[in-house]
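Structure, as structure tokens:
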Amino acid sequence: MLQSSYMGLNNFGQLFMPKNKIFYGLFEEVADTVDEMGKVLLKVVSEPDYDKRAPIIKQLEDLEHRNDETTHKIFTELGRNFITPFDREDIHYLASALDDIADYIYSSAKKINFYNVNPNDTGIKKMADLVEQGTVEIKKAVYGLRDMKKLREMTEAFIKINSIENQADDIFDMSIERLFQQENDFKEVIKKREIYQALETATDKCEDAANVIESIIIKYA
């Protein structure tokens, strides 16, 4: 009788346990997608031909949709699970920040073809490179969440992301200054400025995600 009652209680308790730490796997899936998007973005800005760029941008669109689906799964699991590996608010903030990175990467690439801008531009190329570097570091930080044993590597990733964001700010300012000095067509100024802004914002979102992960480490490591 006692054993039967214990088994029943044990089964009941399992209903409230995180399902195989599902959040870690979902966040790692998002990090993989975002990292891949950073690499595809470099291909976009390295292709001067509009028609050849289009299918590469389509790859980014597909990856962005995949990321939306995974992010939706995270929010669904957040509603289902009574117990989570860390604060529910942090799960929500991190999922949103990572999703924002993907959104701005895709947005910047989409604007290049929508505005028919040749991405053979120093500012665009440098910022795209920084975005890709940021996604690499974000992936390292997200993968460190599962057991929090690689705190040194995670801290180094945070430092690099902060540096990347600062560099992107500087490149954005210099690119805008150069644009006003060298470009006489005001429409071109507006087009390129929007692309610069989307790329710079992508690095901002990398820093936002890093800040959330850092706050999780402070609470739980």
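The way I read the labels, and the way they are meant: chains A, B, ... in the order of the structure tokens, residue 1 as the first residue of every chain, and ligand 1 as the first ligand shown, with later ones counted on from there.
The residue set within 12 Å of Gly79 of chain A, counting only C-alpha atoms and dropping same-chain residues fewer than 5 places from it, reads Pro18, His72, Lys73, Ile74, Thr84, Arg88, Glu89, Ile91 and His92 of chain A.
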Write out the residues from the selection above, keeping N, CA and C atoms, as a compact mmCIF listing (two decimals), in the first residue's frame.
```
# COMPACT_ATOMS: atom_id res chain seq x y z
N PRO A 18 10.31 19.74 -15.46
CA PRO A 18 10.62 20.15 -16.83
C PRO A 18 10.87 18.93 -17.69
N HIS A 72 8.14 30.20 -30.91
CA HIS A 72 6.76 29.90 -30.53
C HIS A 72 6.71 28.67 -29.62
N LYS A 73 7.54 27.67 -29.91
CA LYS A 73 7.60 26.46 -29.07
C LYS A 73 8.05 26.82 -27.66
N ILE A 74 9.02 27.74 -27.57
CA ILE A 74 9.50 28.17 -26.25
C ILE A 74 8.36 28.79 -25.44
N THR A 84 10.42 25.67 -14.31
CA THR A 84 11.33 26.01 -15.41
C THR A 84 12.76 26.06 -14.88
N ARG A 88 10.93 32.54 -15.33
CA ARG A 88 10.06 32.60 -16.50
C ARG A 88 10.27 33.91 -17.26
N GLU A 89 10.47 35.00 -16.50
CA GLU A 89 10.70 36.29 -17.15
C GLU A 89 11.98 36.26 -17.99
N ILE A 91 13.35 33.60 -19.36
CA ILE A 91 13.10 32.78 -20.54
C ILE A 91 12.41 33.61 -21.61
N HIS A 92 11.43 34.39 -21.19
CA HIS A 92 10.69 35.24 -22.14
C HIS A 92 11.61 36.29 -22.74
```
Would you mind listing what lies within 8 Å of segment 103-109 of chain A as a PDB file with C-alpha atoms, in the first residue's frame, with only C-alpha atoms counted and same-chain residues fewer than 2 positions away left out?
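Final file, out_16.pdb:
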```pdb
ATOM      1  CA  MET A  37      21.782  33.407 -40.386  1.00  0.00           C
ATOM      2  CA  GLY A  38      24.894  35.418 -39.554  1.00  0.00           C
ATOM      3  CA  LEU A  41      24.204  37.339 -44.252  1.00  0.00           C
ATOM      4  CA  VAL A  44      24.331  38.232 -49.147  1.00  0.00           C
ATOM      5  CA  VAL A  45      26.645  41.235 -48.796  1.00  0.00           C
ATOM      6  CA  ILE A  57      18.014  36.114 -49.120  1.00  0.00           C
ATOM      7  CA  LEU A  60      17.491  33.860 -44.681  1.00  0.00           C
ATOM      8  CA  GLU A  61      13.720  34.118 -44.939  1.00  0.00           C
ATOM      9  CA  GLU A  64      13.831  33.386 -39.957  1.00  0.00           C
ATOM     10  CA  ASP A  99      14.201  36.380 -32.066  1.00  0.00           C
ATOM     11  CA  ASP A 100      14.972  40.074 -32.543  1.00  0.00           C
ATOM     12  CA  ILE A 101      18.496  39.225 -33.745  1.00  0.00           C
ATOM     13  CA  LYS A 111      16.254  45.895 -47.564  1.00  0.00           C
ATOM     14  CA  ILE A 112      19.347  45.417 -49.741  1.00  0.00           C
ATOM     15  CA  ASN A 113      17.310  43.898 -52.559  1.00  0.00           C
ATOM     16  CA  VAL A 131      26.792  40.839 -36.869  1.00  0.00           C
ATOM     17  CA  ILE A 195      20.364  49.178 -44.042  1.00  0.00           C
ATOM     18  CA  TYR A 196      23.088  50.493 -41.726  1.00  0.00           C
ATOM     19  CA  ALA A 198      19.097  47.417 -39.308  1.00  0.00           C
ATOM     20  CA  LEU A 199      22.603  45.927 -39.132  1.00  0.00           C
ATOM     21  CA  THR A 201      20.377  47.147 -34.374  1.00  0.00           C
ATOM     22  CA  ALA A 202      21.175  43.457 -34.891  1.00  0.00           C
TER      23      ALA A 202
END
```
Open item on the list: What's the separation between atom CA of Lys139 of chain A and atom CA of Ser96 of chain A, in Å to one decimal place?
Closed with: 15.2 Å
Open item on the list: What does the structure give for the distance between atom CA of Asn184 of chain A and atom CA of Val117 of chain A, in Å to one decimal?
Closed with: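 So the answer is 15.0 Å.
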Task: Counting only C-alpha atoms, the option among A:Ile217, A:Thr71, A:Ile83, A:Pro48 closest to Met148 of chain A - done: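 Comparing A:Ile217, A:Thr71, A:Ile83, A:Pro48 against Met148 of chain A, the winner is A:Ile217.
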- [ ] Between A:Glu77, A:Glu207, A:Asp185, A:Glu200, single out the one closest to Asp169 of chain A, counting only C-alpha atoms.
- [x] A:Glu200
TODO: Could you pull out the residues in segment 29-153 of chain A that DSSP calls alpha helix (DSSP H) from the backbone, as a count of residues only?
DONE: 100
10 Å contact set for Ser163 of chain A, only C-alpha atoms, chain neighbours under 4 positions out, as a PDB file with N, CA and C atoms, in the first residue's frame:
```
ATOM      1  N   LEU A 130      30.496  42.175 -38.334  1.00  0.00           N
ATOM      2  CA  LEU A 130      30.322  42.279 -36.879  1.00  0.00           C
ATOM      3  C   LEU A 130      29.080  41.527 -36.416  1.00  0.00           C
ATOM      4  N   GLY A 134      28.973  38.503 -33.767  1.00  0.00           N
ATOM      5  CA  GLY A 134      28.075  38.528 -32.613  1.00  0.00           C
ATOM      6  C   GLY A 134      27.269  37.256 -32.483  1.00  0.00           C
ATOM      7  N   ALA A 157      32.666  35.645 -24.035  1.00  0.00           N
ATOM      8  CA  ALA A 157      31.682  35.912 -25.092  1.00  0.00           C
ATOM      9  C   ALA A 157      30.953  37.226 -24.822  1.00  0.00           C
ATOM     10  N   PHE A 158      30.594  37.468 -23.564  1.00  0.00           N
ATOM     11  CA  PHE A 158      29.907  38.718 -23.211  1.00  0.00           C
ATOM     12  C   PHE A 158      30.793  39.931 -23.520  1.00  0.00           C
ATOM     13  N   ILE A 159      32.072  39.816 -23.179  1.00  0.00           N
ATOM     14  CA  ILE A 159      33.010  40.916 -23.412  1.00  0.00           C
ATOM     15  C   ILE A 159      33.142  41.197 -24.910  1.00  0.00           C
ATOM     16  N   GLN A 167      31.901  48.682 -31.592  1.00  0.00           N
ATOM     17  CA  GLN A 167      32.483  48.857 -32.923  1.00  0.00           C
ATOM     18  C   GLN A 167      31.404  49.172 -33.955  1.00  0.00           C
ATOM     19  N   ALA A 168      30.267  48.481 -33.842  1.00  0.00           N
ATOM     20  CA  ALA A 168      29.165  48.711 -34.787  1.00  0.00           C
ATOM     21  C   ALA A 168      28.648  50.145 -34.677  1.00  0.00           C
ATOM     22  N   ASP A 169      28.588  50.673 -33.456  1.00  0.00           N
ATOM     23  CA  ASP A 169      28.169  52.067 -33.267  1.00  0.00           C
ATOM     24  C   ASP A 169      29.124  53.014 -33.990  1.00  0.00           C
ATOM     25  N   GLU A 207      23.705  42.159 -27.921  1.00  0.00           N
ATOM     26  CA  GLU A 207      24.082  42.614 -26.578  1.00  0.00           C
ATOM     27  C   GLU A 207      22.916  42.439 -25.601  1.00  0.00           C
TER      28      GLU A 207
END
```
List as a tab-separated table every residue of segment 37-135 of chain A that is in contact with segment 208-212 of chain A, defined as an atom at most 7 Å from one of its atoms (using only C-alpha atoms), together with the nearest atom pair and the distance in Å rounded to one decimal, sorted by chain and then rising number.
```
residue	atom	partner	partner_atom	distance
A:Asp90	CA	A:Val212	CA	6.6
A:Tyr93	CA	A:Val212	CA	6.9
A:Leu94	CA	A:Ala209	CA	5.7
A:Ala97	CA	A:Ala209	CA	5.1
A:Leu98	CA	A:Ala209	CA	6.1
```
Residues from the last selection, C-alpha atoms, saved as a compact mmCIF listing (two decimals), in the first residue's frame:
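The resulting file, out30.txt, is shown below:
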```txt
# COMPACT_ATOMS: atom_id res chain seq x y z
CA ASP A 90 14.28 35.52 -18.20
CA TYR A 93 13.29 38.02 -22.38
CA LEU A 94 15.95 35.72 -23.84
CA ALA A 97 16.02 39.03 -27.72
CA LEU A 98 17.24 36.08 -29.81
```
Open item on the list: So the first atom is atom CA of Tyr143 of chain A and the second is atom CA of Phe82 of chain A; what is the distance between them in Å, to one decimal place?
Closed with: 23.2 Å
TODO: Might you pull out every residue within 10 Å of segment 174-177 of chain A, with only C-alpha atoms counted and same-chain residues fewer than 6 positions away left off, and present them as a PyMOL selection string?
DONE: chain A and resi 121-124+126-127+168+189+192-193+196-197
Restricting the output to N, CA and C atoms, write the selected residues as a short mmCIF file (atom, residue, chain, number, x, y, z; two decimals), in the first residue's frame.
```
data_model
loop_
_atom_site.label_atom_id
_atom_site.label_comp_id
_atom_site.auth_asym_id
_atom_site.auth_seq_id
_atom_site.Cartn_x
_atom_site.Cartn_y
_atom_site.Cartn_z
N ASP A 121 29.77 47.94 -50.20
CA ASP A 121 29.88 49.19 -49.47
C ASP A 121 30.63 48.89 -48.18
N THR A 122 31.62 49.69 -47.87
CA THR A 122 32.47 49.42 -46.70
C THR A 122 31.66 49.29 -45.42
N GLY A 123 30.73 50.23 -45.20
CA GLY A 123 29.93 50.20 -43.98
C GLY A 123 29.08 48.95 -43.87
N ILE A 124 28.41 48.58 -44.96
CA ILE A 124 27.55 47.39 -44.96
C ILE A 124 28.37 46.14 -44.69
N LYS A 126 31.41 45.81 -43.27
CA LYS A 126 32.00 45.77 -41.93
C LYS A 126 30.95 45.44 -40.87
N MET A 127 29.77 46.04 -41.00
CA MET A 127 28.73 45.77 -40.00
C MET A 127 28.17 44.36 -40.13
N ALA A 168 30.27 48.48 -33.84
CA ALA A 168 29.16 48.71 -34.79
C ALA A 168 28.65 50.15 -34.68
N VAL A 189 20.87 57.97 -49.92
CA VAL A 189 21.23 58.21 -48.53
C VAL A 189 20.23 57.54 -47.60
N LYS A 192 20.53 53.54 -47.84
CA LYS A 192 21.69 52.96 -47.15
C LYS A 192 21.62 53.18 -45.65
N ARG A 193 21.07 54.32 -45.25
CA ARG A 193 20.96 54.58 -43.82
C ARG A 193 20.07 53.52 -43.16
N TYR A 196 22.13 50.34 -42.83
CA TYR A 196 23.09 50.49 -41.73
C TYR A 196 22.38 50.33 -40.38
N GLN A 197 21.21 50.98 -40.27
CA GLN A 197 20.48 50.96 -39.00
C GLN A 197 20.04 49.56 -38.62
#
```
